[in-house]
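Undergrad: So I've got this file, data-v9.txt, and it contains compact mmCIF, C-alpha atoms and all ligand atoms:
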```txt
# COMPACT_ATOMS: atom_id res chain seq x y z
CA MET A 53 27.19 -5.34 13.69
CA SER A 54 26.34 -4.18 17.22
CA THR A 55 27.51 -5.96 20.32
CA PRO A 56 24.60 -7.35 22.39
CA LEU A 57 24.88 -4.92 25.29
CA SER A 58 25.40 -1.58 23.65
CA VAL A 59 24.69 0.37 20.52
CA GLU A 60 27.18 2.47 18.61
CA PRO A 61 24.98 5.46 17.66
CA SER A 62 27.03 6.29 14.56
CA SER A 63 26.53 2.75 13.23
CA LEU A 64 22.72 2.96 13.27
CA ARG A 65 21.02 2.35 9.92
CA ILE A 66 17.39 2.44 8.83
CA VAL A 67 16.17 -1.12 8.29
CA GLN A 68 13.83 -1.87 5.44
CA TYR A 69 10.72 -4.02 5.16
CA PRO A 70 10.47 -6.98 5.85
CA HIS A 71 13.20 -6.74 8.53
CA PRO A 72 11.78 -8.58 11.60
CA THR A 73 12.46 -5.67 14.00
CA LEU A 74 9.75 -3.74 12.13
CA ARG A 75 7.27 -6.33 13.50
CA HIS A 76 8.59 -6.17 17.05
CA VAL A 77 6.25 -4.74 19.72
CA SER A 78 8.58 -2.52 21.70
CA LYS A 79 8.57 -2.14 25.48
CA PRO A 80 8.37 1.09 27.50
CA LEU A 81 11.71 2.68 28.33
CA ARG A 82 12.65 2.68 32.00
CA ARG A 83 15.80 4.77 31.78
CA VAL A 84 17.35 7.48 29.66
CA ASP A 85 21.15 7.50 29.59
CA PRO A 86 23.79 9.39 27.57
CA GLU A 87 23.97 6.58 25.02
CA LEU A 88 20.22 6.86 24.45
CA ARG A 89 20.58 10.62 23.89
CA ALA A 90 23.27 9.91 21.28
CA ILE A 91 20.97 7.32 19.67
CA VAL A 92 18.20 9.93 19.43
CA ARG A 93 20.60 12.45 17.82
CA SER A 94 21.65 9.82 15.33
CA MET A 95 17.99 9.02 14.57
CA PHE A 96 17.33 12.68 13.74
CA GLU A 97 20.36 12.70 11.40
CA LEU A 98 19.22 9.54 9.62
CA MET A 99 15.70 10.97 9.30
CA TYR A 100 16.95 14.25 7.80
CA ALA A 101 19.32 12.43 5.43
CA ALA A 102 16.32 10.47 4.12
CA SER A 103 14.04 13.58 4.01
CA GLY A 104 11.63 11.99 6.47
CA VAL A 105 9.33 13.67 9.00
CA GLY A 106 9.42 10.85 11.57
CA LEU A 107 11.51 7.86 12.60
CA ALA A 108 10.73 5.17 15.17
CA ALA A 109 13.29 3.16 17.15
CA ASN A 110 12.19 -0.09 15.45
CA GLN A 111 13.31 1.43 12.17
CA VAL A 112 16.89 1.61 13.42
CA ASP A 113 16.67 -1.94 14.78
CA LEU A 114 16.07 -0.94 18.43
CA PRO A 115 13.28 -2.31 20.69
CA TYR A 116 12.42 0.91 22.53
CA ARG A 117 9.13 2.83 22.70
CA LEU A 118 10.37 6.10 21.30
CA PHE A 119 10.25 8.03 18.07
CA VAL A 120 11.46 11.34 16.71
CA ILE A 121 9.46 13.83 14.62
CA ASN A 122 10.18 17.00 12.68
CA THR A 123 7.25 17.80 10.42
CA LYS A 124 9.43 20.32 8.54
CA SER A 125 12.10 17.64 7.93
CA ASP A 126 14.57 20.51 8.33
CA PRO A 127 17.59 20.24 10.68
CA GLU A 128 17.57 24.06 10.95
CA ALA A 129 13.99 23.97 12.34
CA VAL A 130 15.17 22.89 15.80
CA GLU A 131 11.93 24.14 17.41
CA ASP A 132 10.07 21.49 15.38
CA GLU A 133 12.20 18.62 16.69
CA HIS A 134 10.30 16.32 19.04
CA VAL A 135 11.33 13.18 20.87
CA PHE A 136 8.41 11.16 22.22
CA ILE A 137 9.18 8.46 24.79
CA ASN A 138 6.55 5.90 25.88
CA PRO A 139 3.88 7.67 23.79
CA VAL A 140 0.16 6.93 24.26
CA ILE A 141 -2.76 8.41 22.32
CA THR A 142 -5.43 9.36 24.87
CA SER A 143 -8.10 10.71 22.52
CA ARG A 144 -8.96 10.50 18.83
CA LYS A 145 -11.36 12.71 16.86
CA GLY A 146 -12.57 12.80 13.29
CA MET A 147 -11.20 10.86 10.34
CA ALA A 148 -9.02 11.96 7.44
CA GLU A 149 -7.38 10.26 4.49
CA ALA A 150 -3.95 11.30 3.18
CA GLU A 151 -0.92 9.88 1.44
CA GLU A 152 1.78 8.27 3.53
CA GLY A 153 5.21 6.87 2.87
CA CYS A 154 7.78 5.22 5.13
CA LEU A 155 11.57 5.34 5.36
CA SER A 156 11.50 1.54 5.75
CA LEU A 157 9.61 1.19 2.45
CA PRO A 158 11.22 3.96 0.37
CA GLY A 159 9.38 4.79 -2.85
CA ILE A 160 6.06 3.27 -1.76
CA TYR A 161 3.12 5.58 -1.09
CA GLY A 162 -0.54 5.02 -0.32
CA GLN A 163 -3.66 6.65 1.08
CA VAL A 164 -4.24 5.91 4.75
CA LYS A 165 -7.33 6.76 6.83
CA ARG A 166 -6.63 7.85 10.38
CA PRO A 167 -8.22 9.96 13.11
CA GLU A 168 -7.76 13.62 12.22
CA ARG A 169 -6.99 14.97 15.70
CA VAL A 170 -5.32 13.14 18.55
CA THR A 171 -4.12 13.88 22.06
CA LEU A 172 -0.66 12.47 22.68
CA ASN A 173 0.72 11.71 26.11
CA ALA A 174 4.48 11.09 26.20
CA PHE A 175 7.74 11.97 27.91
CA ASN A 176 10.56 13.97 26.38
CA LEU A 177 14.31 13.39 26.82
CA SER A 178 14.32 15.64 29.92
CA GLY A 179 11.75 13.37 31.58
CA GLU A 180 8.94 15.96 31.31
CA GLU A 181 5.44 14.66 30.70
CA LEU A 182 3.73 16.11 27.64
CA ASN A 183 0.05 16.21 26.69
CA LEU A 184 -0.27 17.57 23.17
CA GLN A 185 -3.35 18.12 21.05
CA LEU A 186 -2.29 17.50 17.48
CA GLU A 187 -3.83 17.74 14.03
CA GLY A 188 -2.85 17.65 10.38
CA LEU A 189 0.54 16.21 9.41
CA PHE A 190 1.77 16.22 13.01
CA ALA A 191 -1.18 14.05 14.15
CA ARG A 192 -0.71 11.73 11.18
CA ALA A 193 3.06 11.39 11.68
CA VAL A 194 2.60 10.60 15.37
CA GLN A 195 0.06 7.86 14.59
CA HIS A 196 2.28 6.39 11.86
CA GLU A 197 5.31 6.31 14.21
CA LEU A 198 3.30 4.96 17.14
CA ASP A 199 2.16 2.12 14.87
CA HIS A 200 5.83 1.25 14.27
CA LEU A 201 6.30 0.72 18.04
CA ASP A 202 3.51 -1.87 17.85
CA GLY A 203 4.99 -3.58 14.80
CA ILE A 204 2.40 -2.09 12.43
CA LEU A 205 3.31 -0.62 9.02
CA PHE A 206 1.27 1.81 6.94
CA ILE A 207 0.90 -0.83 4.21
CA ASP A 208 -1.15 -2.83 6.77
CA ARG A 209 -3.67 0.03 6.77
CA LEU A 210 -4.21 0.40 3.01
CA SER A 211 -7.58 -0.25 1.39
CA PRO A 212 -7.77 -3.41 -0.77
CA THR A 213 -7.22 -1.27 -3.91
CA GLY A 214 -4.36 0.61 -2.27
CA GLU A 215 -2.81 -2.69 -1.31
CA MET A 216 -3.11 -3.98 -4.85
CA ALA A 217 -1.41 -0.86 -6.19
CA VAL A 218 1.73 -1.40 -4.09
CA LYS A 219 1.80 -5.23 -4.13
CA GLU A 220 4.56 -5.57 -6.70
CA ALA A 221 6.80 -2.95 -5.07
CA VAL A 222 6.29 -4.60 -1.66
CA GLU A 223 7.24 -7.98 -3.12
CA ASP A 224 10.40 -6.42 -4.57
CA PHE A 225 11.40 -5.44 -1.02
CA GLU A 226 10.76 -9.03 0.08
CA SER A 227 13.02 -10.49 -2.63
CA GLN A 228 15.75 -7.91 -1.94
CA PHE A 229 15.61 -8.87 1.72
CA ALA A 230 15.79 -12.59 0.89
CA GLY A 231 18.88 -11.84 -1.22
CA GLN A 232 20.54 -9.91 1.60
CA ARG A 233 19.84 -12.80 3.95
CA GLU A 234 21.35 -15.31 1.51
CA ARG A 235 24.47 -13.17 1.27
CA GLY A 236 24.70 -13.11 5.07
CA GLU A 237 24.19 -9.33 5.23
CA ILE A 238 21.28 -9.67 7.66
CA PRO A 239 21.32 -12.05 10.67
CA ASP A 240 18.70 -14.81 11.00
CA ASP A 241 15.48 -14.23 12.97
CA GLU A 242 16.82 -15.95 16.09
CA THR A 243 19.95 -13.78 16.24
CA ILE A 244 17.90 -10.61 15.74
CA ALA A 245 15.40 -11.62 18.47
CA LYS A 246 18.25 -12.43 20.89
CA ARG A 247 19.84 -9.02 20.34
CA LEU A 248 16.51 -7.23 20.89
CA THR A 249 16.01 -9.12 24.17
CA GLU A 250 19.50 -8.07 25.36
CA LEU A 251 18.80 -4.43 24.47
CA GLU A 252 15.45 -4.61 26.28
CA LYS A 253 17.14 -5.94 29.43
CA LEU A 254 19.35 -2.86 29.38
CA ARG A 255 16.68 -0.14 29.35
CA THR A 256 13.14 -1.51 29.63
ZN ZN B 1 7.30 4.44 8.78
```
Can the structure in the file be given as structure tokens, please?
Ligand code: ZN
TA:
Amino acid sequence: MSTPLSVEPSSLRIVQYPHPTLRHVSKPLRRVDPELRAIVRSMFELMYAASGVGLAANQVDLPYRLFVINTKSDPEAVEDEHVFINPVITSRKGMAEAEEGCLSLPGIYGQVKRPERVTLNAFNLSGEELNLQLEGLFARAVQHELDHLDGILFIDRLSPTGEMAVKEAVEDFESQFAGQRERGEIPDDETIAKRLTELEKLRT
């Protein structure tokens, strides 16, 4: 378990639904320090290990507005690695439906409708401001990850039929989580909230 005032990057793990940090609305980052850079590196490694294309800070139990993306999910494709800090979508165009999954709900997939093209404003790790016009998988991944920073999961965006199709699998995650809580493997809500507040004080 992490101490309240710092994070050991190598101890980061992807949390699964319904971990409360996945419902946390994260706050903008005010500073980037060496520890945060190490956290970002560790997030990329966790994402690649799970064959994902994106990972948000909430998913590694951290309350910061940042996510990482590599639409190739390939550690060799360094040019496709992106870190987006304090991201905001400034324009949305069109609408497209495609299948999504989530590293916090492994094995669950569903069709999600989202704007097809978006303009993303964000900062990178070097503090440079970016304005990117995105489409396709990149645009979808960015919207999925940005949702995470607002405590929103892709299962919240399924159609009623889509929701019905995954209901049982989602409930399995809920019972697994209840079991982990009973065994003391996951702290109670109050302890988790207290830790997030401490981490926010540090960087937001
Ligand atoms: Zn996700």
Undergrad: If you count all atoms listed in the file, which residues end up within 8 Å of ligand ZN 1 (chain B), as a list in words?
TA: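 Sorted by chain and then by number, the residues are Gly106, Leu107, Ala108, Gln111, Gly153, Cys154, Leu155, Ser156, Leu157, His196, Glu197, His200, Leu205 and Phe206 of chain A.
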Undergrad: Could you check which residues have any atom within 10 Å of (9.3, -0.7, -1.1), counting all atoms listed in the file with coordinates taken straight from the file, and then list them as a VMD selection string?
TA: chain A and resid 68 to 70 153 to 161 207 218 to 226 228
Undergrad: So which residues touch Thr249 in chain A within 12 Å, counting all atoms listed in the file, skipping near sequence neighbours fewer than 4 positions away, as an MDAnalysis selection string?
TA: chainID A and resid 56:57 73 76:79 113:116 242:245 253:256
Undergrad: So the first atom is CA of Gly179 in chain A and the second is CA of Val135 in chain A; what is the distance between them in Å, to one decimal place?
TA: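 We find that CA of Gly179 in chain A and CA of Val135 in chain A lie 10.7 Å from each other.
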Undergrad: Can you work out the spacing between CA of Gly146 in chain A and CA of Val170 in chain A in Å, to one decimal?
TA: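 Answer for the CA of Gly146 in chain A to CA of Val170 in chain A separation: 9.0 Å.
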